[in-house]
>>> print(open('run_34.cif').read())   # mmCIF, C-alpha atoms
data_final
#
loop_
_atom_site.label_atom_id
_atom_site.label_comp_id
_atom_site.auth_asym_id
_atom_site.auth_seq_id
_atom_site.Cartn_x
_atom_site.Cartn_y
_atom_site.Cartn_z
CA MET U 1 100.97 -4.61 3.56
CA ALA U 2 102.13 -2.22 0.86
CA GLY U 3 100.57 1.20 1.06
CA SER U 4 100.08 1.10 4.79
CA LEU U 5 100.41 4.20 6.93
CA VAL U 6 102.26 3.76 10.21
CA GLN U 7 102.14 6.63 12.68
CA VAL U 8 105.56 7.80 13.82
CA ASP U 9 104.87 11.17 15.45
CA HIS U 10 101.96 13.25 16.65
CA PHE U 11 101.48 16.63 18.27
CA GLU U 12 98.38 18.52 19.29
CA ILE U 13 98.65 22.14 20.34
CA SER U 14 97.36 22.75 23.84
CA SER U 15 98.62 26.31 24.15
CA ALA U 16 99.79 28.65 21.40
CA VAL U 17 103.22 27.99 19.91
CA SER U 18 105.36 29.71 17.30
CA THR U 19 106.43 26.42 15.70
CA VAL U 20 105.32 22.82 15.47
CA THR U 21 107.85 20.17 14.47
CA LEU U 22 107.09 16.59 13.50
CA GLY U 23 110.20 14.45 13.43
CA GLY U 24 113.44 16.25 14.21
CA GLY U 25 114.35 13.85 17.01
CA SER U 26 114.55 15.35 20.46
CA SER U 27 113.93 18.80 18.96
CA GLY U 28 110.46 17.75 17.83
CA SER U 29 107.32 19.12 19.45
CA SER U 30 106.21 15.81 20.90
CA SER U 31 108.00 13.61 23.39
CA THR U 32 108.32 10.85 20.79
CA ASN U 33 111.84 11.95 19.74
CA PHE U 34 111.29 10.55 16.27
CA ALA U 35 113.57 11.60 13.40
CA ILE U 36 113.06 10.70 9.75
CA ASN U 37 115.93 8.32 9.11
CA THR U 38 114.80 5.94 6.38
CA ASP U 39 114.35 6.26 2.63
CA ASP U 40 110.59 5.74 2.88
CA ILE U 41 108.03 8.31 1.85
CA TYR U 42 106.39 10.03 4.81
CA MET U 43 102.99 11.69 4.95
CA ALA U 44 102.05 14.44 7.39
CA THR U 45 98.45 15.34 8.07
CA TYR U 46 97.14 18.38 9.88
CA ARG U 47 93.73 19.64 10.78
CA ASN U 48 91.98 22.52 12.48
CA VAL U 49 95.06 24.75 12.24
CA TYR U 50 94.38 28.40 13.08
CA MET U 51 96.32 31.32 14.44
CA THR U 52 96.13 33.67 17.40
CA THR U 53 95.90 36.69 15.05
CA ASP U 54 93.89 37.05 11.85
CA GLY U 55 95.84 36.73 8.63
CA ARG U 56 98.94 35.11 10.06
CA VAL U 57 100.52 32.27 8.09
CA PRO U 58 101.92 28.91 9.28
CA ASN U 59 104.60 28.38 6.64
CA VAL U 60 106.60 25.16 6.35
CA ARG U 61 110.29 24.45 6.76
CA LEU U 62 112.33 21.27 6.93
CA THR U 63 114.62 20.36 9.79
CA VAL U 64 118.25 19.29 9.70
CA SER U 65 119.30 17.42 12.82
CA GLY U 66 116.25 18.90 14.49
CA SER U 67 116.91 22.53 13.56
CA ALA U 68 114.76 24.27 10.97
CA ASP U 69 116.64 25.22 7.82
CA SER U 70 115.82 28.91 7.31
CA ASN U 71 118.19 29.52 4.43
CA ALA U 72 116.76 30.93 1.19
CA ASN U 73 116.81 27.65 -0.70
CA TYR U 74 113.11 26.74 -0.83
CA ASP U 75 111.54 26.61 -4.30
CA ASN U 76 107.86 25.89 -4.92
CA ALA U 77 105.14 25.79 -7.57
CA ARG U 78 101.47 25.70 -6.67
CA MET U 79 97.90 26.37 -7.70
CA ASN U 80 95.46 28.14 -5.40
CA LEU U 81 91.79 27.52 -6.18
CA GLU U 82 89.11 29.71 -4.65
CA VAL U 83 85.33 29.40 -4.72
CA ALA U 84 84.65 32.97 -5.87
CA ALA U 85 87.62 33.76 -8.08
CA GLY U 86 89.73 32.25 -10.81
CA HIS U 87 92.66 30.07 -9.94
CA TYR U 88 96.08 31.49 -9.14
CA ASP U 89 99.30 29.88 -10.36
CA GLY U 90 102.08 30.70 -7.94
CA GLY U 91 105.73 29.92 -7.59
CA ASN U 92 108.83 31.12 -5.78
CA ASN U 93 112.54 30.46 -5.98
CA ASN U 94 114.95 30.85 -3.09
CA SER U 95 112.42 31.52 -0.36
CA THR U 96 113.09 30.87 3.31
CA SER U 97 110.11 28.51 3.63
CA PHE U 98 107.33 26.80 1.70
CA PRO U 99 104.30 29.12 1.63
CA THR U 100 100.68 28.75 2.51
CA ILE U 101 98.14 31.50 3.08
CA GLY U 102 96.82 33.33 6.09
CA ARG U 103 93.76 32.24 7.97
CA GLY U 104 91.69 33.22 10.96
CA THR U 105 91.43 32.48 14.63
CA THR U 106 88.65 29.89 14.84
CA SER U 107 87.87 26.36 13.68
CA GLN U 108 85.71 27.83 10.91
CA GLU U 109 88.76 29.75 9.63
CA SER U 110 91.31 26.95 9.72
CA SER U 111 93.28 24.65 7.43
CA GLN U 112 93.39 20.91 6.90
CA GLY U 113 95.71 19.03 4.63
CA MET U 114 98.48 16.61 3.96
CA ILE U 115 102.10 16.82 2.96
CA TYR U 116 104.08 14.01 1.35
CA CYS U 117 107.83 13.99 2.08
CA TYR U 118 110.35 12.53 -0.36
CA ASN U 119 114.13 11.90 -0.20
CA PHE U 120 114.46 13.40 3.27
CA ASN U 121 116.97 10.77 4.37
CA SER U 122 119.32 11.28 1.44
CA SER U 123 122.37 13.47 1.99
CA SER U 124 123.12 13.46 -1.73
CA GLU U 125 119.70 14.48 -3.07
CA TYR U 126 117.38 17.39 -2.47
CA SER U 127 114.36 16.99 -0.17
CA PHE U 128 110.98 17.33 -1.88
CA ILE U 129 107.41 17.72 -0.69
CA THR U 130 103.98 17.84 -2.27
CA TRP U 131 100.95 19.22 -0.51
CA SER U 132 97.16 19.35 -0.72
CA GLU U 133 95.50 21.84 1.59
CA ILE U 134 92.06 23.26 2.19
CA VAL U 135 91.87 26.62 3.95
CA VAL U 136 89.32 29.16 5.11
CA THR U 137 90.79 32.62 5.63
CA GLU U 138 89.69 35.22 8.14
CA SER U 139 87.58 37.05 5.52
CA PRO U 140 86.37 34.29 5.00
CA GLU U 141 87.63 33.11 1.62
CA TYR U 142 87.61 29.43 0.71
CA TYR U 143 90.78 28.02 -0.86
CA ASP U 144 92.16 24.65 -1.82
CA ILE U 145 95.82 24.55 -2.70
CA TYR U 146 97.81 21.93 -4.57
CA GLY U 147 101.55 22.34 -4.81
CA GLY U 148 105.02 21.02 -4.49
CA GLY U 149 108.44 22.22 -3.47
CA VAL U 150 112.09 21.42 -3.04
CA LEU U 151 114.80 22.43 -0.62
CA THR U 152 117.77 22.80 -2.96
CA THR U 153 120.48 21.74 -0.57
CA THR U 154 122.13 18.32 -0.70
CA GLN U 155 121.61 17.35 2.90
CA ALA U 156 119.54 14.91 4.88
CA THR U 157 116.46 16.38 6.51
CA ASP U 158 114.76 14.70 9.44
CA GLY U 159 111.50 16.53 10.06
CA ILE U 160 108.96 19.09 8.99
CA GLN U 161 108.13 22.29 10.81
CA TRP U 162 105.21 24.72 10.68
CA VAL U 163 106.39 28.19 11.61
CA ALA U 164 104.18 31.23 12.18
CA ASN U 165 105.27 34.14 10.00
CA SER U 166 104.38 36.34 12.96
CA GLY U 167 102.81 35.62 16.32
CA THR U 168 101.75 32.10 17.16
CA ILE U 169 99.77 29.09 16.00
CA ALA U 170 96.78 28.83 18.32
CA ASN U 171 95.45 25.40 17.46
CA GLY U 172 96.11 22.33 15.37
CA GLU U 173 96.58 18.60 15.35
CA PHE U 174 99.59 17.28 13.42
CA THR U 175 100.48 13.65 12.67
CA LEU U 176 103.32 12.05 10.74
CA TYR U 177 103.01 8.63 9.10
CA LYS U 178 105.54 6.45 7.35
CA VAL U 179 104.22 5.05 4.05
CA VAL U 180 105.29 1.40 3.97
CA MET N 1 98.88 -2.59 11.53
CA SER N 2 98.22 0.29 9.23
CA ASN N 3 96.71 3.42 10.75
CA LEU N 4 94.45 3.54 7.70
CA ARG N 5 91.50 1.36 8.71
CA LEU N 6 88.93 0.02 6.27
CA ILE N 7 85.49 0.86 7.64
CA ASN N 8 83.16 0.05 4.80
CA GLU N 9 83.14 -1.41 1.30
CA THR N 10 80.02 -1.03 -0.79
CA SER N 11 79.48 -1.94 -4.43
CA ILE N 12 76.67 -0.99 -6.75
CA SER N 13 74.83 -4.20 -7.50
CA SER N 14 71.92 -2.89 -9.55
CA SER N 15 71.08 0.30 -11.39
CA VAL N 16 70.44 3.18 -9.00
CA SER N 17 70.34 6.94 -9.42
CA SER N 18 72.13 7.37 -6.11
CA ILE N 19 73.78 5.29 -3.45
CA SER N 20 74.11 6.27 0.20
CA ILE N 21 76.92 5.08 2.44
CA THR N 22 75.72 5.72 5.97
CA ASP N 23 77.19 5.47 9.47
CA VAL N 24 80.81 5.46 8.39
CA PHE N 25 81.96 8.74 9.98
CA THR N 26 82.07 8.59 13.76
CA SER N 27 83.93 10.09 16.68
CA ASP N 28 86.60 7.41 16.22
CA PHE N 29 88.36 9.35 13.44
CA ASP N 30 88.71 12.95 12.24
CA ILE N 31 90.18 12.22 8.80
CA TYR N 32 88.76 9.75 6.28
CA LYS N 33 89.80 8.50 2.87
CA ILE N 34 87.18 7.42 0.35
CA THR N 35 88.09 5.62 -2.83
CA SER N 36 85.66 4.96 -5.64
CA THR N 37 86.58 2.74 -8.54
CA GLY N 38 84.88 1.60 -11.69
CA ILE N 39 81.94 3.97 -11.61
CA SER N 40 79.84 3.63 -14.74
CA THR N 41 76.32 4.50 -15.77
CA THR N 42 73.71 2.86 -17.94
CA GLY N 43 73.81 3.94 -21.57
CA THR N 44 76.20 5.91 -23.69
CA ASN N 45 75.09 9.39 -22.64
CA TYR N 46 77.67 10.57 -20.13
CA VAL N 47 76.73 12.22 -16.89
CA ASP N 48 78.37 13.99 -13.90
CA VAL N 49 78.74 12.06 -10.65
CA ASP N 50 78.25 14.29 -7.62
CA MET N 51 78.54 13.97 -3.84
CA ARG N 52 76.28 14.94 -0.98
CA LEU N 53 76.82 14.46 2.73
CA ILE N 54 74.47 12.68 5.12
CA ASN N 55 74.02 13.94 8.65
CA SER N 56 73.99 11.81 11.78
CA SER N 57 70.19 11.74 11.68
CA GLY N 58 70.36 10.02 8.31
CA SER N 59 69.20 12.98 6.22
CA VAL N 60 70.89 13.74 2.93
CA ILE N 61 71.92 17.40 2.97
CA SER N 62 70.63 19.07 -0.18
CA SER N 63 70.64 22.68 0.96
CA THR N 64 72.87 25.17 -0.85
CA SER N 65 75.49 25.03 1.88
CA TYR N 66 78.22 23.47 -0.23
CA LYS N 67 81.10 25.50 -1.62
CA TYR N 68 83.70 24.11 -3.96
CA SER N 69 86.58 25.09 -6.20
CA ALA N 70 88.22 22.67 -8.59
CA ARG N 71 90.36 22.47 -11.67
CA VAL N 72 89.55 20.25 -14.62
CA ASN N 73 92.19 19.20 -17.13
CA LEU N 74 90.91 17.87 -20.41
CA GLY N 75 92.62 15.37 -22.65
CA TRP N 76 92.15 17.56 -25.69
CA GLY N 77 94.40 20.23 -24.19
CA ALA N 78 92.00 22.53 -22.42
CA SER N 79 91.52 23.23 -18.72
CA GLY N 80 89.24 25.28 -16.56
CA ASP N 81 88.05 26.36 -13.13
CA VAL N 82 84.89 24.89 -11.67
CA LYS N 83 83.58 26.71 -8.62
CA SER N 84 80.54 27.65 -6.59
CA THR N 85 79.86 29.74 -3.50
CA GLY N 86 76.61 27.92 -2.76
CA ASN N 87 75.48 24.68 -4.33
CA ASP N 88 73.29 21.77 -3.24
CA LYS N 89 76.05 19.22 -3.86
CA ILE N 90 79.77 18.81 -4.40
CA TYR N 91 79.75 18.90 -8.15
CA ARG N 92 81.62 16.08 -9.90
CA ALA N 93 83.40 14.87 -6.77
CA PHE N 94 83.12 11.23 -7.87
CA GLY N 95 83.56 11.86 -11.56
CA GLU N 96 83.70 14.73 -13.98
CA SER N 97 81.65 12.49 -16.20
CA THR N 98 81.18 8.84 -16.94
CA ASP N 99 79.08 6.51 -19.03
CA GLN N 100 78.92 2.81 -19.69
CA SER N 101 81.80 0.46 -18.90
CA PRO N 102 84.68 0.29 -19.78
CA GLU N 103 84.58 4.09 -19.76
CA VAL N 104 84.59 4.36 -15.98
CA ALA N 105 85.48 7.01 -13.40
CA SER N 106 87.58 6.60 -10.25
CA SER N 107 88.41 8.98 -7.43
CA VAL N 108 90.21 9.52 -4.14
CA ILE N 109 88.47 11.78 -1.64
CA TRP N 110 89.76 12.94 1.75
CA VAL N 111 87.19 14.10 4.29
CA PHE N 112 88.20 16.19 7.31
CA ASN N 113 86.22 16.77 10.50
CA PRO N 114 82.89 15.26 9.41
CA TYR N 115 81.51 14.04 12.70
CA THR N 116 82.18 17.01 14.94
CA SER N 117 79.45 19.63 14.74
CA THR N 118 81.78 22.46 15.72
CA GLU N 119 83.96 22.32 12.61
CA TYR N 120 83.02 22.49 8.94
CA THR N 121 83.28 19.25 7.01
CA GLN N 122 85.98 19.83 4.39
CA VAL N 123 86.87 17.67 1.42
CA LEU N 124 89.80 17.28 -0.96
CA TYR N 125 89.09 15.23 -4.07
CA GLN N 126 90.74 14.01 -7.26
CA ASN N 127 89.25 11.91 -10.01
CA THR N 128 90.06 10.49 -13.42
CA GLN N 129 87.74 9.23 -16.17
CA PHE N 130 87.14 8.41 -19.81
CA TYR N 131 83.78 8.93 -21.45
CA GLY N 132 81.94 9.54 -24.68
CA GLY N 133 84.22 7.32 -26.69
CA SER N 134 87.12 9.74 -26.81
CA TYR N 135 87.14 12.10 -23.83
CA TYR N 136 89.72 11.81 -21.05
CA THR N 137 89.69 14.24 -18.11
CA SER N 138 91.25 14.60 -14.68
CA TYR N 139 89.96 16.72 -11.88
CA PHE N 140 91.13 18.01 -8.49
CA GLY N 141 89.49 20.30 -6.00
CA GLY N 142 88.26 21.12 -2.55
CA ALA N 143 84.83 21.57 -0.97
CA TRP N 144 83.20 22.71 2.24
CA LEU N 145 79.89 22.09 3.89
CA VAL N 146 79.44 25.48 5.53
CA ASP N 147 76.99 24.23 8.09
CA ASN N 148 77.80 22.99 11.57
CA GLN N 149 76.21 19.56 11.32
CA SER N 150 77.47 16.21 12.46
CA ILE N 151 78.08 14.21 9.29
CA ALA N 152 77.96 10.42 9.36
CA GLY N 153 77.95 9.42 5.70
CA PHE N 154 77.86 10.42 2.08
CA GLN N 155 75.87 9.92 -1.08
CA CYS N 156 77.02 9.40 -4.66
CA ILE N 157 74.45 10.69 -7.13
CA GLU N 158 74.28 10.94 -10.89
CA SER N 159 73.22 14.40 -11.96
CA ASN N 160 70.83 13.65 -14.79
CA GLY N 161 68.27 11.60 -12.91
CA SER N 162 67.66 9.23 -15.80
CA ARG N 163 71.09 7.69 -16.40
CA PRO N 164 71.46 5.38 -13.39
CA LEU N 165 74.71 4.25 -11.90
CA ALA N 166 75.48 0.75 -13.13
CA SER N 167 78.70 -0.18 -11.34
CA GLY N 168 81.23 1.08 -8.85
CA THR N 169 82.88 0.22 -5.56
CA PHE N 170 83.27 2.63 -2.65
CA ARG N 171 85.78 2.01 0.14
CA THR N 172 85.83 4.20 3.23
CA TYR N 173 88.88 4.27 5.50
CA GLY N 174 89.44 6.04 8.80
CA LEU N 175 92.89 7.47 9.48
CA ARG N 176 93.74 6.45 13.00
CA VAL N 177 95.58 8.87 15.26
CA ASP N 178 97.24 7.39 18.35
CA LYS N 179 97.41 10.23 20.86
#
>>> encode(input="run_34.cif", output="structure tokens")
Amino acid sequence: MAGSLVQVDHFEISSAVSTVTLGGGSSGSSSTNFAINTDDIYMATYRNVYMTTDGRVPNVRLTVSGSADSNANYDNARMNLEVAAGHYDGGNNNSTSFPTIGRGTTSQESSQGMIYCYNFNSSSEYSFITWSEIVVTESPEYYDIYGGGVLTTTQATDGIQWVANSGTIANGEFTLYKVV
Amino acid sequence: MSNLRLINETSISSSVSSISITDVFTSDFDIYKITSTGISTTGTNYVDVDMRLINSSGSVISSTSYKYSARVNLGWGASGDVKSTGNDKIYRAFGESTDQSPEVASSVIWVFNPYTSTEYTQVLYQNTQFYGGSYYTSYFGGAWLVDNQSIAGFQCIESNGSRPLASGTFRTYGLRVDK
């Protein structure tokens, strides 16, 4: 059935970790050993993601043969909307990850969202993502973020990784679906 | 089988000022997708179409515990922020505005963590509509119910009170996670 979502990987944090990887084969966080290896679109969801230290940020990288690409080739454009302030239009070229914003250390200060993954399996095209995220910071401030980004390297990527900018990710449930 | 499971499909069959979809959020899922299509109202005066949540006791939550922030893009070239730090509904979640068919509104809404009472219910929503004979708008945003209640359903409500909903279909899906 067109438009179906088929789960291919899942990981739930049971003790704090510095990274979470969906896909990436045997380097992934779960024991599934799944790697993105088809031209399909994939959708990652995450919920109840918070940190061990206030204000820390779980940024996003893509994996190449299971290893996160940390080169400064991540471009993005995004809009942050907040309940008590005007919107913020943001963008970066040549960053070492796709950005999000800091949050707190409890369920009430966490993020939920989804990331669509495009062209990951192509070694001749860039890998793209779009994301929709809803976040409560440690203050608390209430944000929803809509954005997109590209890793400007012609290489196949096989997974997506959340990486703490400092410290560890205390909690979160992460699932990857193939859109078929 | 798709991990996106259809739980409920409800259509408006007669004019109503609000419609409640109850007992769709359970402990079976943590993430839900709601689609609404073909929402119209009676008459040519357009009206906002809002959302409220319904707790597991069946009560529609109308306290000022909702927060939202959204962006509206208008077909005549304007745009703007729409936000609140405390409202009694999620403003325009189902439609920035709509009036009589064929000028309908449609939306996709994702709901996170509704049933658990230890996490806020959080919502991402996008909608698209045409109204008033010449107005096209699109809308995207996020909302929170900052209240630790177990949520089991939702309500679609027209904001005027005298321009009843005439048509529309609501589909609620649960996103299955195999652990």
>>> closest_residue(input="run_34.cif", among="N:Ser69, N:Thr22, N:Gln129, N:Ser14", to="chain U", atoms="all atoms listed in the file")
N:Ser69
>>> resolve_selection(input="run_34.cif", expression="the PyMOL selection byres ((chain N) within 10 of (chain U))", output="PyMOL selection string")
chain N and resi 1-5+30-31+67-71+80-86+110-113+118-125+140-144+146-148+175-179
>>> write_last_selection(input="run_34.cif", atoms="C-alpha atoms", output="PDB file, in the frame of the given file")
ATOM      1  CA  MET N   1      98.880  -2.590  11.530  1.00  0.00           C
ATOM      2  CA  SER N   2      98.220   0.290   9.230  1.00  0.00           C
ATOM      3  CA  ASN N   3      96.710   3.420  10.750  1.00  0.00           C
ATOM      4  CA  LEU N   4      94.450   3.540   7.700  1.00  0.00           C
ATOM      5  CA  ARG N   5      91.500   1.360   8.710  1.00  0.00           C
ATOM      6  CA  ASP N  30      88.710  12.950  12.240  1.00  0.00           C
ATOM      7  CA  ILE N  31      90.180  12.220   8.800  1.00  0.00           C
ATOM      8  CA  LYS N  67      81.100  25.500  -1.620  1.00  0.00           C
ATOM      9  CA  TYR N  68      83.700  24.110  -3.960  1.00  0.00           C
ATOM     10  CA  SER N  69      86.580  25.090  -6.200  1.00  0.00           C
ATOM     11  CA  ALA N  70      88.220  22.670  -8.590  1.00  0.00           C
ATOM     12  CA  ARG N  71      90.360  22.470 -11.670  1.00  0.00           C
ATOM     13  CA  GLY N  80      89.240  25.280 -16.560  1.00  0.00           C
ATOM     14  CA  ASP N  81      88.050  26.360 -13.130  1.00  0.00           C
ATOM     15  CA  VAL N  82      84.890  24.890 -11.670  1.00  0.00           C
ATOM     16  CA  LYS N  83      83.580  26.710  -8.620  1.00  0.00           C
ATOM     17  CA  SER N  84      80.540  27.650  -6.590  1.00  0.00           C
ATOM     18  CA  THR N  85      79.860  29.740  -3.500  1.00  0.00           C
ATOM     19  CA  GLY N  86      76.610  27.920  -2.760  1.00  0.00           C
ATOM     20  CA  TRP N 110      89.760  12.940   1.750  1.00  0.00           C
ATOM     21  CA  VAL N 111      87.190  14.100   4.290  1.00  0.00           C
ATOM     22  CA  PHE N 112      88.200  16.190   7.310  1.00  0.00           C
ATOM     23  CA  ASN N 113      86.220  16.770  10.500  1.00  0.00           C
ATOM     24  CA  THR N 118      81.780  22.460  15.720  1.00  0.00           C
ATOM     25  CA  GLU N 119      83.960  22.320  12.610  1.00  0.00           C
ATOM     26  CA  TYR N 120      83.020  22.490   8.940  1.00  0.00           C
ATOM     27  CA  THR N 121      83.280  19.250   7.010  1.00  0.00           C
ATOM     28  CA  GLN N 122      85.980  19.830   4.390  1.00  0.00           C
ATOM     29  CA  VAL N 123      86.870  17.670   1.420  1.00  0.00           C
ATOM     30  CA  LEU N 124      89.800  17.280  -0.960  1.00  0.00           C
ATOM     31  CA  TYR N 125      89.090  15.230  -4.070  1.00  0.00           C
ATOM     32  CA  PHE N 140      91.130  18.010  -8.490  1.00  0.00           C
ATOM     33  CA  GLY N 141      89.490  20.300  -6.000  1.00  0.00           C
ATOM     34  CA  GLY N 142      88.260  21.120  -2.550  1.00  0.00           C
ATOM     35  CA  ALA N 143      84.830  21.570  -0.970  1.00  0.00           C
ATOM     36  CA  TRP N 144      83.200  22.710   2.240  1.00  0.00           C
ATOM     37  CA  VAL N 146      79.440  25.480   5.530  1.00  0.00           C
ATOM     38  CA  ASP N 147      76.990  24.230   8.090  1.00  0.00           C
ATOM     39  CA  ASN N 148      77.800  22.990  11.570  1.00  0.00           C
ATOM     40  CA  LEU N 175      92.890   7.470   9.480  1.00  0.00           C
ATOM     41  CA  ARG N 176      93.740   6.450  13.000  1.00  0.00           C
ATOM     42  CA  VAL N 177      95.580   8.870  15.260  1.00  0.00           C
ATOM     43  CA  ASP N 178      97.240   7.390  18.350  1.00  0.00           C
ATOM     44  CA  LYS N 179      97.410  10.230  20.860  1.00  0.00           C
TER      45      LYS N 179
END
>>> residues_near_point(input="run_34.cif", point="(75.3, 12.7, -0.8)", cutoff="12 Å", atoms="all atoms listed in the file", output="PyMOL selection string")
chain N and resi 17-22+49-55+58-63+66+88-94+145+151-159
>>> atom_distance(input="run_34.cif", atom1="atom CA of U:Thr32", atom2="atom CA of N:Lys33")
25.9 Å
>>> residues_around(input="run_34.cif", residues="U:Ser18", least_positions_apart="5", cutoff="6 Å", atoms="all atoms listed in the file", output="PyMOL selection string")
chain U and resi 163-164+168-169
>>> axis_aligned_box(input="run_34.cif", around="stretch 22-29 of chain U", padding_each_side="3 Å", output="AutoDock Vina command-line options")
--center_x 110.8 --center_y 16.5 --center_z 16.9 --size_x 13.5 --size_y 11.3 --size_z 13.0
>>> atom_distance(input="run_34.cif", atom1="atom CA of N:Gly95", atom2="atom CA of N:Ser117")
27.7 Å
>>> closest_residue(input="run_34.cif", among="N:Ser27, N:Ser15, N:Ser40, N:Ser57", to="N:Gly168", atoms="all atoms listed in the file")
N:Ser40
>>> resolve_selection(input="run_34.cif", expression="the PyMOL selection byres ((chain N and resi 39) around 9)", output="compact mmCIF listing (two decimals) with C-alpha atoms, in the frame of the given file")
# COMPACT_ATOMS: atom_id res chain seq x y z
CA ILE N 12 76.67 -0.99 -6.75
CA SER N 36 85.66 4.96 -5.64
CA THR N 37 86.58 2.74 -8.54
CA GLY N 38 84.88 1.60 -11.69
CA SER N 40 79.84 3.63 -14.74
CA THR N 41 76.32 4.50 -15.77
CA VAL N 49 78.74 12.06 -10.65
CA PHE N 94 83.12 11.23 -7.87
CA GLY N 95 83.56 11.86 -11.56
CA THR N 98 81.18 8.84 -16.94
CA ASP N 99 79.08 6.51 -19.03
CA GLN N 100 78.92 2.81 -19.69
CA SER N 101 81.80 0.46 -18.90
CA GLU N 103 84.58 4.09 -19.76
CA VAL N 104 84.59 4.36 -15.98
CA ALA N 105 85.48 7.01 -13.40
CA SER N 106 87.58 6.60 -10.25
CA LEU N 165 74.71 4.25 -11.90
CA ALA N 166 75.48 0.75 -13.13
CA SER N 167 78.70 -0.18 -11.34
CA GLY N 168 81.23 1.08 -8.85
CA THR N 169 82.88 0.22 -5.56
>>> atom_distance(input="run_34.cif", atom1="atom CA of U:Thr100", atom2="atom CA of U:Pro140")
15.5 Å
>>> decode(input="run_34.cif", residues="stretch 130-145 of chain N", atoms="N, CA and C atoms", output="short mmCIF file (atom, residue, chain, number, x, y, z; two decimals), in the first residue's frame")
data_model
loop_
_atom_site.label_atom_id
_atom_site.label_comp_id
_atom_site.auth_asym_id
_atom_site.auth_seq_id
_atom_site.Cartn_x
_atom_site.Cartn_y
_atom_site.Cartn_z
N PHE N 130 -8.94 27.52 1.32
CA PHE N 130 -9.38 28.62 0.45
C PHE N 130 -10.71 29.10 1.00
N TYR N 131 -10.90 30.40 1.08
CA TYR N 131 -12.14 30.90 1.67
C TYR N 131 -12.44 32.31 1.17
N GLY N 132 -13.65 32.72 1.38
CA GLY N 132 -14.05 34.09 1.06
C GLY N 132 -14.01 34.43 -0.41
N GLY N 133 -14.00 33.42 -1.25
CA GLY N 133 -14.05 33.67 -2.68
C GLY N 133 -12.71 33.92 -3.33
N SER N 134 -11.70 34.33 -2.53
CA SER N 134 -10.43 34.66 -3.17
C SER N 134 -9.22 34.50 -2.26
N TYR N 135 -9.40 33.96 -1.06
CA TYR N 135 -8.31 33.94 -0.10
C TYR N 135 -7.73 32.54 0.04
N TYR N 136 -6.44 32.38 -0.30
CA TYR N 136 -5.75 31.13 -0.03
C TYR N 136 -4.74 31.36 1.09
N THR N 137 -4.66 30.42 2.03
CA THR N 137 -3.64 30.49 3.08
C THR N 137 -3.11 29.10 3.39
N SER N 138 -1.89 29.05 3.90
CA SER N 138 -1.35 27.83 4.48
C SER N 138 -0.80 28.17 5.86
N TYR N 139 -0.64 27.14 6.67
CA TYR N 139 -0.43 27.38 8.08
C TYR N 139 0.40 26.22 8.64
N PHE N 140 1.39 26.50 9.48
CA PHE N 140 2.08 25.42 10.18
C PHE N 140 2.46 25.89 11.57
N GLY N 141 2.44 24.97 12.52
CA GLY N 141 2.73 25.38 13.88
C GLY N 141 2.86 24.21 14.84
N GLY N 142 3.02 24.58 16.09
CA GLY N 142 3.12 23.60 17.16
C GLY N 142 2.32 24.06 18.37
N ALA N 143 1.90 23.10 19.20
CA ALA N 143 1.09 23.45 20.37
C ALA N 143 1.35 22.47 21.50
N TRP N 144 1.08 22.93 22.70
CA TRP N 144 1.28 22.15 23.91
C TRP N 144 0.04 22.27 24.79
N LEU N 145 -0.31 21.19 25.41
CA LEU N 145 -1.24 21.25 26.54
C LEU N 145 -0.37 21.13 27.78
#
